[in-house]
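Accompanying notes for the structure given below.
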Amino acid sequence: MSGREDRDAFILRRLAESMGEVVSGEELAALLGISRVALKKRVDRMVERGIPIEAVERKGYRLLEIPDTPLEEVVLSLLDTEVVGSRFIFYPVVDSTNRVARELAREGCPEGTVVVADKQTAGRGRLGRRWFSPEGRNLYFSVVLRPRISPTYLYHATMLAAVSVCEALRNRGIDALIKWPNDVYVRGRKICGVLNEAELSGSRAEFVVLGVGVNVNIESGEFPPDVRDIATSLFEETGERHKRSELLAEILSSMDRWYKKLRRGDVWELFSFWRRNNYLIGRRIEVDGRLKGDAVGITPLGELIVRVEDGSITTVAAGDIKLLEKT
Ligand code: BTN
């Protein structure tokens with residue numbers, strides 16, 4: 001335990017283990033090696049930040065529920081990871097978490113640094129588009145990784161984002177599928193978009209920023225008109241509100257597990273998950289409004305394999321994919 005968040009996360013973790021019940025202040029202070037006055041100050045600050053902890057006079061503290069907002073101490077109290085979440089920064093408002101994460105990465109932040117925002121004023125999407133990022137509804141976060149791989153294999157690192165979100169949603173019973181290169185779809189609608197940005201130095205990837213936007217509690221009528229018919233959210237799919245803090249912890253835990261496999265050079269399972277939960281394979285597609293054919297798989301480098309209409313096979317390294325009706 002070192003920083004403020006770590007200590008606060010420890011308090012929250014302990015309170016969450018006995019959710020709704022009073023945990024002795026004396027015991028908590030002793031576990032942390034701080035005075036009861038110092039403990040009270042920490043708890044008061046968390047209450048000010050919107051975490052519903054109740055003080056019970058002369059007894060201790062009780063956590064009433066896990067807050068929805070993905071505050072650092074809340075998410076850290078739910079995490080048990082080795083790399084992802086090594087540092088965690090929450091912003092109530094920021095222009096773009098990818099912009100901040102890239103800057104931190106250039107300044108040498110540790111790998112596994114996570115930047116999260118409650119709202120983005122200039123959320124960035126792929127191909128220069130904007131990402132709709134209203135306050136308090138969805139998840140917007142970026143993770144800095146420093147994989148020791150050649151830029152040729154960068155897709156292995158970037159596919160972690162969609163795979164982790166897909167896994168976390170499937171664990172909640174949502175039929176999520178990965179749409180190459182990095183989107184997550186449910187019932188033909190986009191629920192998550194990923195913007196990966198890498199910086200290379202010679203033959204090595206210096207760092208990669210995985211930028212993830214998940215539509216969580218937003219209702220269909222709140223989407224801008226141009227995406228209303230093609231986007232969905234966890235709320236729309238399940239009819240229930242989902243706690244963003246818990247969902248984020250699940251996604252980051254999944255990412256941590258997959259990243260550790262990747263670092264060992266074990267990508268077989270990653271590709272196998274990707275193939276099993278794929279939205280495009282077997283479908284007729286159009287790439288960038290020109291190439292038409294059937295998506296048949298991905299290469300070990302992450303390119304999409306397409307059987308073109310004349311029967312030839314080609315690979316696509318990047319592009320915008322539209323689904324076509326089977327003829
Ligand atoms: C897409 O176009 O599908 C990608 C959208 C990626 C959005 C996320 S939200 C968090 C991170 N910060 C950004 O500015 N963009 C990504």
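Identifiers in the structure tokens: chain A, B, ... in order shown; residue index from 1 per chain; ligand index from 1 in order shown.
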
Closest contacts (chain A/ligand 1, max 10 Å, only C-alpha atoms and all ligand atoms) as CSV:
residue,atom,partner,partner_atom_place_in_ligand_line,distance
A:Val94,CA,ligand 1,14 (O),9.2
A:Asp95,CA,ligand 1,14 (O),7.3
A:Ser96,CA,ligand 1,14 (O),4.0
A:Thr97,CA,ligand 1,12 (N),4.3
A:Asn98,CA,ligand 1,12 (N),4.3
A:Arg99,CA,ligand 1,14 (O),6.6
A:Val100,CA,ligand 1,12 (N),8.7
A:Ala101,CA,ligand 1,12 (N),8.8
A:Val115,CA,ligand 1,10 (C),8.7
A:Val116,CA,ligand 1,10 (C),7.7
A:Ala117,CA,ligand 1,10 (C),8.0
A:Lys119,CA,ligand 1,9 (S),9.3
A:Gln120,CA,ligand 1,14 (O),7.3
A:Thr121,CA,ligand 1,14 (O),8.8
A:Ala122,CA,ligand 1,14 (O),6.5
A:Gly123,CA,ligand 1,14 (O),3.6
A:Arg124,CA,ligand 1,14 (O),3.6
A:Gly125,CA,ligand 1,2 (O),3.2
A:Arg126,CA,ligand 1,2 (O),3.7
A:Leu127,CA,ligand 1,2 (O),6.9
A:Gly128,CA,ligand 1,2 (O),7.9
A:Arg129,CA,ligand 1,2 (O),6.2
A:Arg130,CA,ligand 1,2 (O),7.1
A:Trp131,CA,ligand 1,7 (C),5.4
A:Phe132,CA,ligand 1,7 (C),8.1
A:Ser133,CA,ligand 1,9 (S),7.2
A:Asn138,CA,ligand 1,9 (S),9.1
A:Leu139,CA,ligand 1,9 (S),7.2
A:Tyr140,CA,ligand 1,10 (C),3.9
A:Phe141,CA,ligand 1,10 (C),4.4
A:Ser142,CA,ligand 1,11 (C),5.5
A:Val143,CA,ligand 1,11 (C),9.1
A:Pro181,CA,ligand 1,3 (O),9.8
A:Asn182,CA,ligand 1,3 (O),7.7
A:Asp183,CA,ligand 1,3 (O),6.2
A:Val184,CA,ligand 1,3 (O),9.0
A:Lys190,CA,ligand 1,3 (O),8.4
A:Ile191,CA,ligand 1,3 (O),9.3
A:Cys192,CA,ligand 1,3 (O),6.8
A:Gly193,CA,ligand 1,3 (O),3.4
A:Val194,CA,ligand 1,4 (C),4.1
A:Leu195,CA,ligand 1,6 (C),4.4
A:Asn196,CA,ligand 1,16 (C),8.0
A:Glu197,CA,ligand 1,16 (C),9.7
A:Val209,CA,ligand 1,11 (C),9.0
A:Leu210,CA,ligand 1,11 (C),7.6
A:Gly211,CA,ligand 1,11 (C),3.9
A:Val212,CA,ligand 1,8 (C),4.2
A:Gly213,CA,ligand 1,9 (S),3.8
A:Val214,CA,ligand 1,9 (S),7.4
A:Asn215,CA,ligand 1,9 (S),9.7

Requested in this report: Write down as a PyMOL selection string the residues belonging to segment 92-258 of chain A that are assigned strand (DSSP E or B) by DSSP computed on the backbone.
Outcome: chain A and resi 94+113-117+120+124+130+139-145+176-179+183-186+189-201+204-214+231

Query raised in the report: Residues at most 9 Å from Ile251 of chain A, counting only C-alpha atoms, excluding those fewer than 3 positions away in the same chain, as JSON, numbers by chain?
Result: {"A": [161, 164, 165, 166, 167, 168, 169, 246, 247, 248, 254, 255, 256]}

Query raised in the report: If you count only C-alpha atoms, which residues fall within 12 Å of segment 301-315 of chain A, apart from same-chain ones fewer than 6 positions away, as a PyMOL selection string?
Result: chain A and resi 149-160+179-182+267+270-271+274-275+278+280-287+290-295+321+326-327

Requested in this report: Looking only at alpha helix (DSSP H) from DSSP on the backbone, list the matching residues of segment 113-314 of chain A as an MDAnalysis selection string.
Outcome: chainID A and resid 154:171 234:238 244:263 268:276

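Here atom CA of Leu177 of chain A stands at a distance of 23.4 Å from atom CA of Gly221 of chain A.
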
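Comparing the minimum interatomic distances between Tyr61 of chain A and each of A:Leu104, A:Ala318, A:Leu28, A:Ile89, counting only C-alpha atoms, we find that A:Leu28 sits nearest.
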
Report task. Please indicate the distance in Å from atom CA of Arg137 of chain A to atom CA of Val114 of chain A, rounded to one decimal place. Result -> 18.7 Å

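Within 10 Å of Leu15 of chain A, once only C-alpha atoms are used and residues closer than 2 positions along the same chain are dropped, the contacting residues are Ala9, Phe10, Ile11, Leu12, Arg13, Glu17, Ser18, Met19, Gly20, Glu21, Val22, Val23, Ser24, Leu28, Ile53, Tyr61, Arg62, Leu63, Leu64, Glu65, Ile66 and Ser77 of chain A.
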
Could the residues in this selection be written to a file with C-alpha atoms, as a compact mmCIF listing (two decimals), in the first residue's frame?
# COMPACT_ATOMS: atom_id res chain seq x y z
CA ALA A 9 -9.17 1.25 -1.83
CA PHE A 10 -8.14 -0.94 1.11
CA ILE A 11 -10.80 0.69 3.31
CA LEU A 12 -13.44 0.24 0.63
CA ARG A 13 -12.45 -3.34 -0.05
CA GLU A 17 -16.57 -7.46 2.08
CA SER A 18 -19.07 -6.74 4.86
CA MET A 19 -21.47 -4.75 2.68
CA GLY A 20 -24.25 -3.11 4.70
CA GLU A 21 -22.67 -4.14 8.00
CA VAL A 22 -20.64 -1.99 10.36
CA VAL A 23 -16.89 -2.54 10.27
CA SER A 24 -15.07 -1.44 13.40
CA LEU A 28 -9.68 -0.56 10.21
CA ILE A 53 -20.25 5.35 3.62
CA TYR A 61 -18.36 2.52 9.18
CA ARG A 62 -20.77 0.89 6.80
CA LEU A 63 -20.71 0.94 2.99
CA LEU A 64 -24.26 1.22 1.69
CA GLU A 65 -23.53 0.28 -1.92
CA ILE A 66 -20.76 0.24 -4.52
CA SER A 77 -10.91 -1.84 -4.41
